[in-house]
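File shown here: coords_3.tsv, holding TSV, C-alpha atoms and all ligand atoms.
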```
chain	number	residue	atom	x	y	z
A	242	MET	CA	0.00	0.00	0.00
A	243	ARG	CA	2.75	2.35	0.86
A	244	CYS	CA	4.32	1.71	-2.50
A	245	LEU	CA	1.01	2.53	-4.22
A	246	GLY	CA	0.68	5.77	-2.23
A	247	VAL	CA	4.17	6.83	-3.22
A	248	LEU	CA	3.40	6.09	-6.89
A	249	ILE	CA	0.21	8.20	-6.82
A	250	ILE	CA	2.06	11.08	-5.26
A	251	ALA	CA	4.79	10.79	-7.87
A	252	VAL	CA	2.26	10.79	-10.74
A	253	LEU	CA	0.46	13.85	-9.30
A	254	ALA	CA	3.78	15.65	-8.96
A	255	VAL	CA	4.66	15.00	-12.58
A	256	ALA	CA	1.17	16.11	-13.71
A	257	LEU	CA	1.38	19.31	-11.68
A	258	ALA	CA	4.82	20.02	-13.09
A	259	GLY	CA	3.38	19.65	-16.61
A	260	CYS	CA	0.58	22.08	-15.82
A	261	GLU	CA	3.09	24.53	-14.52
A	262	SER	CA	5.16	24.43	-17.67
A	263	SER	CA	2.03	24.99	-19.90
A	264	GLN	CA	1.38	28.22	-18.05
A	265	GLN	CA	4.71	29.71	-19.02
A	266	VAL	CA	4.40	33.18	-20.66
A	267	ILE	CA	5.63	33.08	-24.25
A	268	ASP	CA	6.60	36.29	-25.99
A	269	PRO	CA	4.03	37.04	-28.74
A	270	LEU	CA	5.31	36.75	-32.33
A	271	PRO	CA	5.87	40.07	-34.13
A	272	ALA	CA	3.12	41.11	-36.57
A	273	PRO	CA	3.77	39.77	-40.06
A	274	PHE	CA	5.36	42.29	-42.42
A	275	TYR	CA	4.30	42.29	-46.07
A	276	PRO	CA	5.93	45.25	-47.85
A	277	GLU	CA	3.93	44.70	-51.09
A	278	GLN	CA	0.57	44.62	-49.43
A	279	ARG	CA	-1.73	47.58	-50.20
A	280	PRO	CA	-5.16	48.39	-48.89
A	281	VAL	CA	-7.79	46.40	-50.74
A	282	ARG	CA	-10.24	48.70	-52.59
A	283	PRO	CA	-13.84	47.73	-52.84
A	284	PRO	CA	-14.83	46.86	-56.43
A	285	GLU	CA	-16.12	49.84	-58.47
A	286	PRO	CA	-19.87	49.86	-59.04
A	287	PRO	CA	-20.90	49.15	-62.66
A	288	ARG	CA	-21.06	52.28	-64.82
A	289	PRO	CA	-24.44	53.42	-66.11
A	290	PRO	CA	-24.84	52.92	-69.89
A	291	GLU	CA	-23.50	55.74	-72.09
A	292	PRO	CA	-26.25	58.10	-73.30
A	293	PRO	CA	-26.79	58.02	-77.08
A	294	PRO	CA	-24.74	60.66	-78.93
A	295	THR	CA	-26.54	63.96	-79.44
A	296	PRO	CA	-27.56	64.24	-83.10
A	297	PRO	CA	-25.52	66.89	-84.89
A	298	ARG	CA	-27.31	70.17	-85.34
A	299	PRO	CA	-26.54	72.99	-87.75
A	300	THR	CA	-24.94	76.04	-86.21
A	301	VAL	CA	-27.71	78.36	-87.45
A	302	SER	CA	-31.48	78.41	-86.98
A	303	LEU	CA	-33.84	78.21	-89.97
A	304	SER	CA	-34.36	81.98	-90.05
A	305	GLY	CA	-30.61	82.51	-90.42
A	306	ALA	CA	-29.95	79.56	-92.72
A	307	THR	CA	-28.91	79.53	-96.37
A	308	ILE	CA	-30.69	76.68	-98.18
A	309	VAL	CA	-30.12	75.73	-101.83
A	310	ILE	CA	-33.14	74.07	-103.48
A	311	ASP	CA	-32.25	72.14	-106.62
A	312	PRO	CA	-35.05	70.95	-108.94
A	313	GLY	CA	-33.56	68.10	-111.01
A	314	HIS	CA	-33.20	68.05	-114.82
A	315	GLY	CA	-34.79	70.85	-116.92
A	316	GLY	CA	-34.69	72.14	-120.50
A	317	GLY	CA	-33.75	69.36	-122.92
A	318	LYS	CA	-33.40	66.86	-120.03
A	319	PRO	CA	-36.91	65.88	-118.96
A	320	GLY	CA	-35.79	63.17	-116.52
A	321	ALA	CA	-38.22	60.28	-116.01
A	322	TRP	CA	-41.25	60.46	-118.29
A	323	PRO	CA	-43.12	57.17	-118.58
A	324	ARG	CA	-45.98	58.39	-120.77
A	325	ALA	CA	-48.17	55.41	-119.93
A	326	THR	CA	-48.51	56.64	-116.36
A	327	SER	CA	-47.53	60.35	-116.27
A	328	LYS	CA	-48.85	63.26	-118.27
A	329	LEU	CA	-46.07	65.52	-116.99
A	330	PRO	CA	-42.31	64.85	-117.20
A	331	GLU	CA	-40.17	64.69	-114.07
A	332	LYS	CA	-38.55	68.09	-114.79
A	333	THR	CA	-41.94	69.85	-114.62
A	334	ILE	CA	-43.21	68.01	-111.55
A	335	VAL	CA	-40.03	68.61	-109.53
A	336	LEU	CA	-39.81	72.28	-110.58
A	337	ASP	CA	-43.33	72.86	-109.23
A	338	ILE	CA	-42.56	71.07	-105.93
A	339	ALA	CA	-39.27	73.00	-105.62
A	340	ASN	CA	-40.86	76.40	-106.33
A	341	ARG	CA	-43.47	75.71	-103.63
A	342	LEU	CA	-40.74	74.56	-101.24
A	343	VAL	CA	-38.79	77.79	-101.86
A	344	GLN	CA	-41.91	79.81	-100.87
A	345	GLU	CA	-42.49	77.65	-97.76
A	346	LEU	CA	-38.92	78.14	-96.53
A	347	ARG	CA	-38.80	81.86	-97.33
A	348	ALA	CA	-42.03	82.29	-95.35
A	349	ARG	CA	-40.18	80.76	-92.39
A	350	GLY	CA	-37.36	83.29	-92.74
A	351	ALA	CA	-34.69	81.24	-94.50
A	352	ARG	CA	-32.42	82.63	-97.23
A	353	VAL	CA	-33.29	80.29	-100.11
A	354	ILE	CA	-31.37	80.00	-103.37
A	355	PRO	CA	-32.93	77.87	-106.14
A	356	THR	CA	-30.61	76.41	-108.80
A	357	ARG	CA	-33.39	77.02	-111.37
A	358	THR	CA	-36.89	78.53	-111.28
A	359	THR	CA	-37.82	77.89	-114.94
A	360	ASP	CA	-37.55	75.08	-117.51
A	361	LEU	CA	-33.79	75.40	-117.83
A	362	ASP	CA	-31.06	72.78	-117.87
A	363	VAL	CA	-28.34	73.39	-115.27
A	364	ASP	CA	-25.02	71.49	-115.31
A	365	PHE	CA	-24.23	69.26	-112.34
A	366	ASP	CA	-21.05	71.32	-111.84
A	367	ASP	CA	-23.07	74.54	-111.61
A	368	ARG	CA	-25.51	73.03	-109.11
A	369	ALA	CA	-22.60	71.94	-106.87
A	370	ARG	CA	-20.88	75.33	-107.31
A	371	ILE	CA	-24.02	77.20	-106.18
A	372	ALA	CA	-24.03	75.10	-102.97
A	373	GLU	CA	-20.32	75.69	-102.35
A	374	GLU	CA	-20.13	79.40	-103.20
A	375	ASN	CA	-23.12	80.25	-101.03
A	376	ARG	CA	-21.81	78.06	-98.20
A	377	ALA	CA	-25.24	76.42	-98.07
A	378	ASP	CA	-26.30	75.19	-94.64
A	379	LEU	CA	-28.33	72.60	-96.55
A	380	PHE	CA	-28.58	71.58	-100.22
A	381	VAL	CA	-31.82	69.81	-101.21
A	382	SER	CA	-32.19	68.26	-104.66
A	383	ILE	CA	-35.76	67.37	-105.72
A	384	HIS	CA	-36.47	64.45	-108.08
A	385	ALA	CA	-39.09	61.86	-109.00
A	386	ASP	CA	-38.17	58.20	-109.40
A	387	SER	CA	-38.68	55.48	-112.00
A	388	ALA	CA	-38.20	51.71	-111.90
A	389	PRO	CA	-38.67	48.70	-114.20
A	390	ARG	CA	-41.26	47.32	-111.77
A	391	ARG	CA	-44.52	49.26	-111.78
A	392	SER	CA	-45.12	48.11	-108.20
A	393	ALA	CA	-42.22	50.19	-106.80
A	394	SER	CA	-43.71	53.18	-104.95
A	395	GLY	CA	-43.05	55.81	-102.29
A	396	THR	CA	-40.68	58.66	-101.56
A	397	GLY	CA	-37.03	58.17	-100.58
A	398	VAL	CA	-34.18	60.31	-99.23
A	399	HIS	CA	-30.65	59.86	-100.60
A	400	VAL	CA	-27.34	60.93	-99.05
A	401	TYR	CA	-23.79	60.62	-100.43
A	402	LEU	CA	-21.81	57.41	-99.81
A	403	LYS	CA	-19.62	59.28	-97.31
A	404	ALA	CA	-22.36	61.55	-96.02
A	405	SER	CA	-21.59	63.98	-93.20
A	406	ALA	CA	-23.39	63.59	-89.87
A	407	GLU	CA	-25.37	66.75	-90.76
A	408	SER	CA	-26.56	65.25	-94.06
A	409	GLU	CA	-27.63	62.08	-92.24
A	410	GLN	CA	-29.50	64.11	-89.64
A	411	ALA	CA	-31.29	66.17	-92.32
A	412	ALA	CA	-32.32	62.90	-94.02
A	413	ARG	CA	-33.68	61.55	-90.73
A	414	CYS	CA	-35.75	64.71	-90.15
A	415	ILE	CA	-37.24	64.66	-93.66
A	416	ILE	CA	-38.07	60.92	-93.45
A	417	ALA	CA	-39.79	61.56	-90.09
A	418	ALA	CA	-41.79	64.40	-91.69
A	419	PHE	CA	-43.01	62.07	-94.48
A	420	GLU	CA	-44.02	59.49	-91.87
A	421	ASN	CA	-45.83	62.13	-89.76
A	422	ALA	CA	-47.71	63.32	-92.84
A	423	GLY	CA	-48.75	59.77	-93.79
A	424	ILE	CA	-46.78	59.94	-97.07
A	425	GLU	CA	-45.19	56.58	-97.98
A	426	CYS	CA	-41.41	56.73	-97.50
A	427	ARG	CA	-38.95	53.95	-98.36
A	428	GLY	CA	-36.30	55.44	-96.06
A	429	ARG	CA	-32.72	56.54	-96.56
A	430	PHE	CA	-30.38	55.45	-99.35
A	431	GLN	CA	-26.70	56.08	-100.06
A	432	ASN	CA	-25.69	57.09	-103.55
A	433	ASN	CA	-22.85	58.54	-105.58
A	434	PHE	CA	-24.92	61.33	-107.17
A	435	ALA	CA	-22.80	64.25	-108.44
A	436	VAL	CA	-25.01	66.85	-106.72
A	437	LEU	CA	-24.34	65.13	-103.38
A	438	ARG	CA	-20.66	64.34	-104.04
A	439	ASP	CA	-19.13	67.37	-105.76
A	440	HIS	CA	-19.39	69.95	-102.97
A	441	SER	CA	-18.68	70.04	-99.25
A	442	ARG	CA	-22.07	71.21	-97.93
A	443	PRO	CA	-24.68	69.10	-96.06
A	444	ALA	CA	-26.89	67.62	-98.78
A	445	VAL	CA	-29.85	65.34	-99.45
A	446	LEU	CA	-31.62	64.28	-102.66
A	447	ILE	CA	-35.35	63.56	-102.31
A	448	GLU	CA	-37.20	61.23	-104.68
A	449	CYS	CA	-40.83	62.34	-104.40
A	450	GLY	CA	-42.42	59.10	-105.65
A	451	PHE	CA	-42.28	56.79	-108.70
A	452	LEU	CA	-43.61	58.08	-112.03
A	453	THR	CA	-43.65	54.43	-113.17
A	454	ASN	CA	-46.15	53.56	-110.41
A	455	PRO	CA	-49.73	54.40	-111.47
A	456	GLY	CA	-50.77	55.50	-107.96
A	457	ASP	CA	-47.71	57.71	-107.31
A	458	ALA	CA	-47.86	59.15	-110.85
A	459	ARG	CA	-51.52	60.07	-110.51
A	460	LEU	CA	-50.76	61.93	-107.26
A	461	LEU	CA	-47.62	63.65	-108.62
A	462	ASN	CA	-49.69	64.99	-111.54
A	463	THR	CA	-51.98	66.87	-109.09
A	464	PRO	CA	-51.02	70.30	-107.69
A	465	GLU	CA	-52.56	69.37	-104.32
A	466	HIS	CA	-50.16	66.48	-103.79
A	467	ARG	CA	-47.18	68.53	-104.98
A	468	ALA	CA	-48.15	71.22	-102.45
A	469	ALA	CA	-48.43	68.56	-99.71
A	470	LEU	CA	-44.97	67.25	-100.62
A	471	ALA	CA	-43.48	70.78	-100.47
A	472	ALA	CA	-45.11	71.48	-97.09
A	473	THR	CA	-43.89	68.15	-95.69
A	474	ILE	CA	-40.32	68.60	-96.92
A	475	ALA	CA	-40.35	72.14	-95.47
A	476	ALA	CA	-41.51	70.74	-92.10
A	477	GLY	CA	-38.64	68.22	-92.12
A	478	ILE	CA	-36.10	70.93	-92.99
A	479	ALA	CA	-37.55	73.17	-90.23
A	480	GLU	CA	-37.13	70.30	-87.76
A	481	TYR	CA	-33.50	69.86	-88.83
A	482	PHE	CA	-32.82	73.53	-88.08
A	483	THR	CA	-34.69	73.45	-84.75
A	484	ARG	CA	-32.13	74.05	-81.98
A	501	ZN	ZN	-34.37	62.79	-111.47
```

Could you express the structure from this file as structure tokens?
Ligand SMILES: [Zn+2]
Amino acid sequence: MRCLGVLIIAVLAVALAGCESSQQVIDPLPAPFYPEQRPVRPPEPPRPPEPPPTPPRPTVSLSGATIVIDPGHGGGKPGAWPRATSKLPEKTIVLDIANRLVQELRARGARVIPTRTTDLDVDFDDRARIAEENRADLFVSIHADSAPRRSASGTGVHVYLKASAESEQAARCIIAAFENAGIECRGRFQNNFAVLRDHSRPAVLIECGFLTNPGDARLLNTPEHRAALAATIAAGIAEYFTR
């Protein structure tokens, strides 16, 4: 028994000694040092979508604008004249629309320069020169269309292959005016027409309908429809110059 008592005491002593050593104070380790570490930034919130670019606007208002109105063809060049559908040739129809358009725009205060006011042929070079020399804020050529298919119908607005932003914006405004007036419009087309290409001014060429289409031709042969076309084109031009 004595031996057992001694053994228990010895075991307790060893256990107590172990407890004592686990209570030793150990110096804390120094804080880790990471020279490359930088503060972590929170991720940036997603950016709102970019607003659409503001459409280009001319630098003048309509009342201060110089506008060249260019009735196509004239004199010995009648333009489209499908006699089965149209009593009048293109040159006569577009001159009447253009003359009315000149009056509409002058009434709104614009300085308007027509390339012809009578049945006169004007060279392409001269039409482009009139736009350039007068530093036209807008050049508008007026035509009527023709096509092999009689079913082709409606107005259309043409710009040059490398059209300026201003030309594109003028085309958009005129197309919108046709749509607002309920006049069929086929939209915008790009073309290499000399009157759009051979000067530096903003320019559009408007086809006012197909003389090969019986419905369009019947309308284009009436003064009422030609007046409606002139008023609608004037409204589109006025919208382009609205600032
Ligand atoms: Zn023409």

Find the nearest atom pair between each residue of chain A and ligand ZN 501 (chain A) for residues within 7 Å, count all atoms listed in the file, give distances in Å to one decimal, sort rows by chain and ascending number, and present the table as a tab-separated table.
```
residue	atom	partner	partner_atom	distance
A:Gly313	CA	A:ZN501	ZN	5.4
A:His314	CA	A:ZN501	ZN	6.3
A:Gly320	CA	A:ZN501	ZN	5.3
A:Ala321	CA	A:ZN501	ZN	6.5
A:Glu331	CA	A:ZN501	ZN	6.6
A:His384	CA	A:ZN501	ZN	4.3
A:Ala385	CA	A:ZN501	ZN	5.4
A:Asp386	CA	A:ZN501	ZN	6.3
```

| said: List the spatial neighbours of region 353-366 of chain A as a PyMOL selection string - criterion: any atom at most 9 Å away, only C-alpha atoms, same-chain residues fewer than 4 positions off excluded. | reply: chain A and resi 306-318+332-333+336-337+339-340+343-344+346-347+370-372+375+377+435-436+439

Name the residues in contact with Leu460 (chain A) at a cut-off of 12 Å, using only C-alpha atoms, excluding same-chain residues fewer than 3 positions from it; report them as a PDB file with C-alpha atoms, in the coordinates of the input.
```
ATOM      1  CA  THR A 326     -48.510  56.640-116.360  1.00  0.00           C
ATOM      2  CA  SER A 327     -47.530  60.350-116.270  1.00  0.00           C
ATOM      3  CA  LYS A 328     -48.850  63.260-118.270  1.00  0.00           C
ATOM      4  CA  LEU A 329     -46.070  65.520-116.990  1.00  0.00           C
ATOM      5  CA  ILE A 334     -43.210  68.010-111.550  1.00  0.00           C
ATOM      6  CA  ALA A 385     -39.090  61.860-109.000  1.00  0.00           C
ATOM      7  CA  SER A 394     -43.710  53.180-104.950  1.00  0.00           C
ATOM      8  CA  GLY A 395     -43.050  55.810-102.290  1.00  0.00           C
ATOM      9  CA  ILE A 424     -46.780  59.940 -97.070  1.00  0.00           C
ATOM     10  CA  CYS A 449     -40.830  62.340-104.400  1.00  0.00           C
ATOM     11  CA  GLY A 450     -42.420  59.100-105.650  1.00  0.00           C
ATOM     12  CA  PHE A 451     -42.280  56.790-108.700  1.00  0.00           C
ATOM     13  CA  LEU A 452     -43.610  58.080-112.030  1.00  0.00           C
ATOM     14  CA  THR A 453     -43.650  54.430-113.170  1.00  0.00           C
ATOM     15  CA  ASN A 454     -46.150  53.560-110.410  1.00  0.00           C
ATOM     16  CA  PRO A 455     -49.730  54.400-111.470  1.00  0.00           C
ATOM     17  CA  GLY A 456     -50.770  55.500-107.960  1.00  0.00           C
ATOM     18  CA  ASP A 457     -47.710  57.710-107.310  1.00  0.00           C
ATOM     19  CA  THR A 463     -51.980  66.870-109.090  1.00  0.00           C
ATOM     20  CA  PRO A 464     -51.020  70.300-107.690  1.00  0.00           C
ATOM     21  CA  GLU A 465     -52.560  69.370-104.320  1.00  0.00           C
ATOM     22  CA  HIS A 466     -50.160  66.480-103.790  1.00  0.00           C
ATOM     23  CA  ARG A 467     -47.180  68.530-104.980  1.00  0.00           C
ATOM     24  CA  ALA A 468     -48.150  71.220-102.450  1.00  0.00           C
ATOM     25  CA  ALA A 469     -48.430  68.560 -99.710  1.00  0.00           C
ATOM     26  CA  LEU A 470     -44.970  67.250-100.620  1.00  0.00           C
TER      27      LEU A 470
END
```

| said: Given the point (-31.6, 73.9, -82.9) in the coordinates of this file, which residues lie within 12 Å, counting all atoms listed in the file, and how would they look as a list in words? | reply: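 Output: Thr295, Pro296, Pro297, Arg298, Pro299, Thr300, Val301, Ser302, Leu303, Ser304, Gly305, Ala306, Ile478, Ala479, Glu480, Tyr481, Phe482, Thr483 and Arg484 of chain A.
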
| request: Have a look at CA of Glu448 (chain A) and CA of Ile416 (chain A) and let me know their distance in Å, one decimal. | output: 11.3 Å

| query | Interatomic distance between CA of Ala472 (chain A) and CA of Thr396 (chain A)? | reply |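 Computed distance, CA of Ala472 (chain A) to CA of Thr396 (chain A), equals 14.3 Å.
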
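Between CA of Val398 (chain A) and CA of Leu461 (chain A) the interatomic distance comes to 16.7 Å.
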
| task | Could you pull out every residue with an atom within 10 Å of (-29.1, 55.8, -100.5), file coordinates, counting all atoms listed in the file, and send them as a list in words? | result |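 In the file's frame, the residues around the point are Gly397, Val398, His399, Val400, Tyr401, Leu402, Ala404, Gly428, Arg429, Phe430, Gln431, Asn432, Asn433, Phe434, Val445 and Leu446 of chain A.
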